[in-house]
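Below is coords.csv, which holds CSV, C-alpha atoms.
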chain,number,residue,atom,x,y,z
N,32,MET,CA,-12.3,6.2,-8.4
N,33,THR,CA,-10.6,4.6,-5.4
N,34,LEU,CA,-6.9,5.3,-4.6
N,35,LEU,CA,-5.0,2.7,-2.5
N,36,HIS,CA,-1.7,3.8,-1.0
N,37,GLY,CA,1.6,2.0,-0.2
N,38,PHE,CA,3.8,1.0,2.7
N,39,PRO,CA,4.6,2.6,5.1
N,40,THR,CA,2.8,5.8,4.3
N,41,SER,CA,-0.8,6.8,4.0
N,42,SER,CA,-3.5,8.3,1.8
N,43,TYR,CA,-1.5,11.5,2.1
N,44,ASP,CA,0.5,10.1,-0.8
N,45,TRP,CA,-2.4,11.2,-3.1
N,46,ALA,CA,-2.8,14.7,-1.7
N,47,ALA,CA,-1.3,16.4,-4.8
N,48,VAL,CA,-3.4,14.5,-7.3
N,49,VAL,CA,-6.8,14.3,-5.6
N,50,PRO,CA,-7.7,18.0,-6.4
N,51,GLN,CA,-6.8,17.4,-10.0
N,52,LEU,CA,-8.9,14.3,-10.3
N,53,VAL,CA,-11.9,16.0,-8.7
N,54,ALA,CA,-11.4,19.0,-11.0
N,55,ALA,CA,-11.5,16.5,-14.0
N,56,GLY,CA,-14.9,15.3,-12.8
N,57,HIS,CA,-14.0,12.2,-10.8
N,58,ARG,CA,-15.5,11.2,-7.5
N,59,VAL,CA,-12.5,10.1,-5.5
N,60,THR,CA,-12.4,7.8,-2.5
N,61,THR,CA,-9.3,7.1,-0.5
N,62,ALA,CA,-8.4,6.0,3.1
N,63,ASP,CA,-5.6,5.1,5.4
N,64,PHE,CA,-5.3,1.3,5.7
N,65,LEU,CA,-5.5,-0.1,9.2
N,66,GLY,CA,-2.1,0.4,10.9
N,67,PHE,CA,-1.2,3.3,8.5
N,68,GLY,CA,-1.4,7.1,8.8
N,69,GLU,CA,-4.3,8.4,11.0
N,70,SER,CA,-6.2,5.0,11.1
N,71,ASP,CA,-6.2,2.9,14.2
N,72,LYS,CA,-3.0,1.0,14.9
N,73,PRO,CA,-4.0,-1.9,17.2
N,74,TYR,CA,-1.1,-3.7,18.8
N,75,PRO,CA,-0.6,-6.6,18.8
N,76,HIS,CA,-2.7,-7.4,15.8
N,77,PRO,CA,-2.4,-9.9,12.9
N,78,TYR,CA,-2.4,-7.3,10.1
N,79,SER,CA,-3.6,-8.8,6.8
N,80,VAL,CA,-4.1,-7.8,3.2
N,81,LEU,CA,-7.4,-9.7,3.4
N,82,GLU,CA,-8.6,-7.5,6.3
N,83,GLN,CA,-7.5,-4.4,4.4
N,84,ALA,CA,-9.7,-5.5,1.5
N,85,ASP,CA,-12.6,-6.1,3.9
N,86,LEU,CA,-12.2,-2.5,5.2
N,87,ILE,CA,-12.0,-1.0,1.7
N,88,GLU,CA,-15.2,-2.8,0.8
N,89,ALA,CA,-16.8,-1.4,4.0
N,90,VAL,CA,-15.8,2.1,3.0
N,91,TRP,CA,-17.5,1.5,-0.4
N,92,ALA,CA,-20.6,0.4,1.4
N,93,LEU,CA,-20.7,3.5,3.5
N,94,ASP,CA,-20.0,5.6,0.4
N,95,GLY,CA,-22.7,3.9,-1.6
N,96,ARG,CA,-20.3,2.7,-4.2
N,97,GLU,CA,-21.3,-0.3,-6.3
N,98,THR,CA,-18.4,0.0,-8.8
N,99,THR,CA,-15.2,2.0,-9.0
N,100,ALA,CA,-12.0,2.4,-10.9
N,101,LEU,CA,-9.1,1.3,-8.8
N,102,VAL,CA,-5.6,2.9,-8.6
N,103,ALA,CA,-3.1,1.0,-6.5
N,104,HIS,CA,0.4,1.6,-5.4
N,105,ASP,CA,2.9,-0.7,-3.7
N,106,TYR,CA,1.1,-2.3,-0.7
N,107,GLY,CA,-2.2,-1.2,-2.2
N,108,VAL,CA,-1.4,-3.4,-5.2
N,109,SER,CA,-1.8,-6.6,-3.1
N,110,VAL,CA,-5.1,-5.2,-1.7
N,111,ALA,CA,-6.3,-4.5,-5.2
N,112,GLN,CA,-5.4,-8.0,-6.3
N,113,GLU,CA,-7.4,-9.5,-3.4
N,114,ILE,CA,-10.4,-7.3,-4.4
N,115,LEU,CA,-10.2,-8.4,-8.0
N,116,ALA,CA,-10.1,-12.0,-6.9
N,117,ARG,CA,-13.3,-11.5,-4.8
N,118,ASN,CA,-15.4,-9.6,-7.3
N,119,PRO,CA,-13.8,-8.2,-10.5
N,120,LEU,CA,-17.2,-6.9,-11.6
N,121,ARG,CA,-16.9,-4.1,-9.0
N,122,VAL,CA,-13.8,-2.8,-10.6
N,123,THR,CA,-14.4,-0.8,-13.8
N,124,SER,CA,-10.7,-0.3,-14.6
N,125,MET,CA,-7.4,-1.0,-12.9
N,126,THR,CA,-4.2,1.1,-12.7
N,127,TRP,CA,-1.1,-0.5,-11.1
N,128,LEU,CA,1.7,1.6,-9.8
N,129,ASN,CA,5.0,0.0,-8.7
N,130,GLY,CA,4.0,-2.9,-6.6
N,131,GLY,CA,4.9,-6.5,-6.0
N,132,ILE,CA,2.4,-8.0,-8.4
N,133,PHE,CA,4.6,-11.1,-8.9
N,134,PRO,CA,6.3,-12.1,-5.6
N,135,ASP,CA,9.4,-13.5,-7.3
N,136,LEU,CA,10.1,-10.1,-8.8
N,137,HIS,CA,9.7,-8.2,-5.6
N,138,HIS,CA,12.9,-6.9,-4.0
N,139,PRO,CA,12.4,-5.6,-0.4
N,140,THR,CA,14.5,-2.7,0.6
N,141,PRO,CA,17.2,-3.5,3.2
N,142,GLU,CA,15.1,-1.6,5.8
N,143,GLN,CA,12.0,-3.8,5.0
N,144,THR,CA,14.1,-6.9,5.3
N,145,LEU,CA,15.4,-5.9,8.7
N,146,LEU,CA,11.9,-4.9,9.9
N,147,HIS,CA,10.5,-8.2,8.7
N,148,GLY,CA,13.1,-10.2,10.5
N,149,PRO,CA,13.5,-11.4,14.1
N,150,SER,CA,15.0,-8.0,15.1
N,151,GLY,CA,12.2,-6.1,13.5
N,152,PRO,CA,10.6,-4.7,16.7
N,153,GLU,CA,14.0,-3.3,17.9
N,154,VAL,CA,14.8,-1.9,14.5
N,155,ALA,CA,11.4,-0.1,14.5
N,156,ARG,CA,12.0,1.3,18.0
N,157,GLN,CA,15.3,2.7,16.9
N,158,MET,CA,14.1,4.2,13.6
N,159,LYS,CA,14.8,7.9,13.2
N,160,GLU,CA,13.4,10.4,10.7
N,161,GLU,CA,16.7,10.8,8.9
N,162,ALA,CA,16.9,7.0,8.1
N,163,PHE,CA,13.2,7.0,7.0
N,164,THR,CA,13.6,9.9,4.7
N,165,ALA,CA,16.8,8.5,3.2
N,166,SER,CA,15.1,5.2,2.5
N,167,VAL,CA,12.0,6.8,0.9
N,168,SER,CA,14.3,9.1,-1.2
N,169,ARG,CA,16.1,6.1,-2.7
N,170,LEU,CA,12.8,4.8,-4.1
N,171,THR,CA,11.7,8.0,-6.0
N,172,GLY,CA,12.6,9.1,-9.4
N,173,ARG,CA,12.8,12.8,-8.4
N,174,PRO,CA,13.8,14.6,-5.2
N,175,LEU,CA,11.0,15.1,-2.7
N,176,SER,CA,10.8,18.2,-0.6
N,177,GLY,CA,11.9,18.1,3.0
N,178,GLU,CA,8.4,19.2,4.0
N,179,LEU,CA,6.7,16.3,2.2
N,180,LEU,CA,9.1,13.8,3.6
N,181,HIS,CA,8.5,15.2,7.1
N,182,ASP,CA,4.8,14.9,6.7
N,183,MET,CA,5.1,11.3,5.6
N,184,TRP,CA,7.2,10.6,8.6
N,185,LEU,CA,4.6,12.2,10.9
N,186,GLY,CA,2.0,9.8,9.4
N,187,VAL,CA,4.2,6.8,10.3
N,188,LEU,CA,4.7,8.1,13.9
N,189,SER,CA,1.0,8.8,14.4
N,190,ARG,CA,-0.8,6.7,17.0
N,191,ASP,CA,2.5,5.0,18.0
N,192,GLY,CA,2.9,3.7,14.5
N,193,LEU,CA,6.5,2.6,14.7
N,194,ARG,CA,5.7,-0.4,16.8
N,195,VAL,CA,3.3,-1.9,14.2
N,196,LEU,CA,5.7,-1.6,11.2
N,197,PRO,CA,7.0,-5.2,11.5
N,198,ALA,CA,3.5,-6.6,11.7
N,199,LEU,CA,2.4,-4.7,8.6
N,200,LEU,CA,5.2,-6.3,6.6
N,201,ARG,CA,3.4,-9.6,6.9
N,202,TYR,CA,2.0,-8.7,3.5
N,203,MET,CA,5.2,-10.0,1.9
N,204,ASP,CA,4.4,-13.5,3.3
N,205,GLU,CA,0.8,-13.1,2.1
N,206,ARG,CA,2.0,-12.4,-1.4
N,207,ARG,CA,3.7,-15.7,-1.6
N,208,GLU,CA,0.8,-17.5,0.1
N,209,HIS,CA,-1.8,-16.2,-2.3
N,210,THR,CA,0.4,-16.0,-5.4
N,211,ALA,CA,-1.9,-18.2,-7.6
N,212,ARG,CA,-5.1,-16.4,-6.5
N,213,TRP,CA,-3.7,-12.9,-6.9
N,214,THR,CA,-1.8,-13.2,-10.1
N,215,GLY,CA,-4.7,-15.2,-11.5
N,216,ALA,CA,-7.1,-12.4,-10.7
N,217,LEU,CA,-4.9,-10.0,-12.6
N,218,ARG,CA,-4.5,-12.2,-15.6
N,219,THR,CA,-8.2,-13.0,-16.0
N,220,TYR,CA,-9.5,-9.5,-15.3
N,221,ASP,CA,-11.5,-8.4,-18.4
N,222,GLY,CA,-11.5,-4.6,-17.6
N,223,GLY,CA,-9.0,-2.1,-18.8
N,224,GLN,CA,-5.6,-2.2,-17.1
N,225,GLN,CA,-2.7,0.2,-17.2
N,226,PHE,CA,0.7,-0.3,-15.7
N,227,VAL,CA,2.7,2.8,-14.6
N,228,TRP,CA,6.1,1.7,-13.4
N,229,GLY,CA,8.9,4.0,-12.3
N,230,PRO,CA,12.2,2.4,-13.1
N,231,ALA,CA,13.9,4.3,-10.2
N,232,ASP,CA,12.1,2.1,-7.7
N,233,PRO,CA,14.4,-0.9,-7.1
N,234,SER,CA,11.9,-2.9,-5.0
N,235,ALA,CA,9.2,-3.4,-7.6
N,236,ALA,CA,10.7,-4.7,-10.8
N,237,LEU,CA,8.1,-5.7,-13.4
N,238,THR,CA,10.4,-7.8,-15.6
Give the structure from this file in structure tokens form.
Amino acid sequence: MTLLHGFPTSSYDWAAVVPQLVAAGHRVTTADFLGFGESDKPYPHPYSVLEQADLIEAVWALDGRETTALVAHDYGVSVAQEILARNPLRVTSMTWLNGGIFPDLHHPTPEQTLLHGPSGPEVARQMKEEAFTASVSRLTGRPLSGELLHDMWLGVLSRDGLRVLPALLRYMDERREHTARWTGALRTYDGGQQFVWGPADPSAALT
């Protein structure tokens, strides 16, 4: 099983569930995407969902994985769609969690819109932990602990991460650019799929 995380956090999002999955007998692989968490954050760099898919495939090669179940959240949904478009036979089943599967149904948060705009670099430089935690808290269906929110913030800060946030949001443009390819991969996938959608998340409406 491979777990793909969302924007702007890291594989730490899965910390609470990985032990349970392992205890249930699953072999779990997860990683921080390039530009996220503890991974390298090159700057300037043309961050791309296609490159992230390349890197996940490289992790599988190192891990000796030929096939895997995929669980994808948010940003990771786009990476999973690209992986499906390349080789659906590698994916034994697919679980989608609150992501912009269909670009016309994706509603960026106000913070994402600002970061993606011309003033994005300045907005990123001025970002404070309080604003970050408030933004994340608006997307969750239940309150998160202050400790968890702080740990998520530290992942964003790691390796001078604030400066790469605007570049990471290029994925919103890629979703529109690759709409036919990515939605087509989802529609034609023959494996089992489940959709787990939290209605409290305003940015990832499914209908």
Taking a cut-off of 10 Å and counting only C-alpha atoms, can you build a table that, for each residue of region 177-232 of chain N near region 77-98 of chain N, reports the nearest atom pair and how far apart they are in Å (one decimal), sorted by chain then residue number, as a Markdown table?
| residue | atom | partner | partner_atom | distance |
| --- | --- | --- | --- | --- |
| N:Val195 | CA | N:Tyr78 | CA | 8.9 |
| N:Leu196 | CA | N:Tyr78 | CA | 10.0 |
| N:Pro197 | CA | N:Tyr78 | CA | 9.7 |
| N:Ala198 | CA | N:Tyr78 | CA | 6.2 |
| N:Leu199 | CA | N:Tyr78 | CA | 5.7 |
| N:Leu200 | CA | N:Tyr78 | CA | 8.4 |
| N:Arg201 | CA | N:Tyr78 | CA | 7.0 |
| N:Tyr202 | CA | N:Val80 | CA | 6.2 |
| N:Met203 | CA | N:Val80 | CA | 9.6 |
| N:Asp204 | CA | N:Ser79 | CA | 9.9 |
| N:Glu205 | CA | N:Val80 | CA | 7.3 |
| N:Arg206 | CA | N:Val80 | CA | 8.9 |
Report as a short mmCIF file (atom, residue, chain, number, x, y, z; two decimals) with C-alpha atoms, keeping the file's coordinate frame all protein, DNA and RNA residues lying within 6 Å of Asp63 (chain N), evaluated on only C-alpha atoms, omitting residues in the same chain fewer than 5 positions from it.
data_model
loop_
_atom_site.label_atom_id
_atom_site.label_comp_id
_atom_site.auth_asym_id
_atom_site.auth_seq_id
_atom_site.Cartn_x
_atom_site.Cartn_y
_atom_site.Cartn_z
CA SER N 41 -0.80 6.80 4.00
CA SER N 42 -3.50 8.30 1.80
CA GLY N 68 -1.40 7.10 8.80
CA SER N 70 -6.20 5.00 11.10
#
message = One number please: CA of Val53 (chain N) to CA of Ala231 (chain N), in Å, one decimal.
response =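 Straight-line distance from CA of Val53 (chain N) to CA of Ala231 (chain N) works out to 28.4 Å.
Interatomic distance, CA of Arg207 (chain N) to CA of Asp71 (chain N): 26.3 Å.
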message = With distances taken over all atoms listed in the file, which residue among N:Gly148, N:Arg121, N:His76, N:Asn129 lies nearest His36 (chain N)?
response =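 Result for the nearest residue to His36 (chain N): N:Asn129.
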inquiry  = One number please: CA of Leu217 (chain N) to CA of Trp127 (chain N), in Å, one decimal.
reply    =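 Interatomic distance, CA of Leu217 (chain N) to CA of Trp127 (chain N): 10.3 Å.
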query = Between N:His138, N:Arg194, N:Arg117, N:His181, which is the closest to Val154 (chain N) once you count only C-alpha atoms?
reply =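 Closest to Val154 (chain N) of all the choices is N:Arg194.
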ask   = Nearest to Trp228 (chain N) among N:Leu128, N:Ala46, N:Ile114, N:Leu146, with distances taken over all atoms listed in the file: which residue is it?
value =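 Residue with the minimum atom-to-atom distance to Trp228 (chain N): N:Leu128.
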message = With distances taken over all atoms listed in the file, which residue among N:Asp105, N:Asp135, N:Glu69, N:Glu153 lies nearest Leu170 (chain N)?
response =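 Looking at the shortest contact to Leu170 (chain N), the residue is N:Asp105.
Closest to Ser234 (chain N) among N:Phe67, N:Phe133, N:Tyr74, N:Trp45 is N:Phe133, based on only C-alpha atoms.
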key: Non-local contacts of Ala116 (chain N) (9 Å; only C-alpha atoms; under 2 positions in same chain excluded) as a VMD selection string   = chain N and resid 111 to 114 118 to 119 212 to 217 220
request  = Determine the nearest neighbour of Leu145 (chain N) from the options N:Arg58, N:Lys72, N:Asp191, N:Gln157, counting all atoms listed in the file.
outcome  =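 Of the candidates, the smallest distance to Leu145 (chain N) is held by N:Gln157.
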With N, CA, C and O atoms as the target, complete region 98-119 of chain N and hand it back as a compact mmCIF listing (two decimals), keeping the file's coordinate frame.
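Result file is rebuild.txt:
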# COMPACT_ATOMS: atom_id res chain seq x y z
N THR N 98 -19.58 0.20 -7.96
CA THR N 98 -18.40 0.00 -8.80
C THR N 98 -17.47 1.14 -8.72
O THR N 98 -17.87 2.25 -8.33
N THR N 99 -16.22 0.92 -9.08
CA THR N 99 -15.20 2.00 -9.00
C THR N 99 -14.02 1.62 -9.86
O THR N 99 -13.71 0.43 -10.05
N ALA N 100 -13.34 2.62 -10.38
CA ALA N 100 -12.00 2.40 -10.90
C ALA N 100 -11.04 2.32 -9.74
O ALA N 100 -11.22 3.00 -8.73
N LEU N 101 -10.02 1.49 -9.85
CA LEU N 101 -9.10 1.30 -8.80
C LEU N 101 -7.68 1.75 -9.25
O LEU N 101 -7.23 1.38 -10.34
N VAL N 102 -7.00 2.53 -8.41
CA VAL N 102 -5.60 2.90 -8.60
C VAL N 102 -4.83 2.46 -7.40
O VAL N 102 -5.15 2.87 -6.28
N ALA N 103 -3.84 1.59 -7.59
CA ALA N 103 -3.10 1.00 -6.50
C ALA N 103 -1.64 1.13 -6.58
O ALA N 103 -1.07 0.91 -7.65
N HIS N 104 -1.01 1.48 -5.46
CA HIS N 104 0.40 1.60 -5.40
C HIS N 104 1.03 0.76 -4.32
O HIS N 104 0.49 0.69 -3.21
N ASP N 105 2.10 0.04 -4.64
CA ASP N 105 2.90 -0.70 -3.70
C ASP N 105 2.06 -1.64 -2.84
O ASP N 105 1.48 -2.56 -3.40
N TYR N 106 1.98 -1.47 -1.53
CA TYR N 106 1.10 -2.30 -0.70
C TYR N 106 -0.28 -2.40 -1.19
O TYR N 106 -0.91 -3.47 -1.18
N GLY N 107 -0.80 -1.27 -1.68
CA GLY N 107 -2.20 -1.20 -2.20
C GLY N 107 -2.37 -2.16 -3.38
O GLY N 107 -3.51 -2.57 -3.65
N VAL N 108 -1.30 -2.50 -4.10
CA VAL N 108 -1.40 -3.40 -5.20
C VAL N 108 -1.91 -4.79 -4.75
O VAL N 108 -2.78 -5.41 -5.37
N SER N 109 -1.39 -5.26 -3.62
CA SER N 109 -1.80 -6.60 -3.10
C SER N 109 -3.30 -6.49 -2.67
O SER N 109 -4.06 -7.45 -2.88
N VAL N 110 -3.70 -5.38 -2.06
CA VAL N 110 -5.10 -5.20 -1.70
C VAL N 110 -5.99 -5.23 -2.90
O VAL N 110 -7.04 -5.87 -2.92
N ALA N 111 -5.56 -4.54 -3.95
CA ALA N 111 -6.30 -4.50 -5.20
C ALA N 111 -6.44 -5.90 -5.81
O ALA N 111 -7.50 -6.28 -6.34
N GLN N 112 -5.36 -6.68 -5.76
CA GLN N 112 -5.40 -8.00 -6.30
C GLN N 112 -6.42 -8.90 -5.56
O GLN N 112 -7.14 -9.69 -6.16
N GLU N 113 -6.47 -8.75 -4.23
CA GLU N 113 -7.40 -9.50 -3.40
C GLU N 113 -8.86 -9.06 -3.79
O GLU N 113 -9.77 -9.90 -3.92
N ILE N 114 -9.08 -7.77 -3.98
CA ILE N 114 -10.40 -7.30 -4.40
C ILE N 114 -10.82 -7.82 -5.71
O ILE N 114 -11.96 -8.25 -5.91
N LEU N 115 -9.89 -7.84 -6.66
CA LEU N 115 -10.20 -8.40 -8.00
C LEU N 115 -10.54 -9.89 -7.89
O LEU N 115 -11.43 -10.38 -8.59
N ALA N 116 -9.81 -10.61 -7.03
CA ALA N 116 -10.10 -12.00 -6.90
C ALA N 116 -11.46 -12.29 -6.30
O ALA N 116 -12.10 -13.29 -6.62
N ARG N 117 -11.94 -11.38 -5.47
CA ARG N 117 -13.30 -11.50 -4.80
C ARG N 117 -14.39 -11.22 -5.82
O ARG N 117 -15.35 -11.98 -5.94
N ASN N 118 -14.31 -10.07 -6.46
CA ASN N 118 -15.40 -9.60 -7.30
C ASN N 118 -14.91 -8.64 -8.36
O ASN N 118 -15.01 -7.43 -8.18
N PRO N 119 -14.38 -9.13 -9.47
CA PRO N 119 -13.80 -8.20 -10.50
C PRO N 119 -14.87 -7.33 -11.11
O PRO N 119 -14.51 -6.28 -11.67
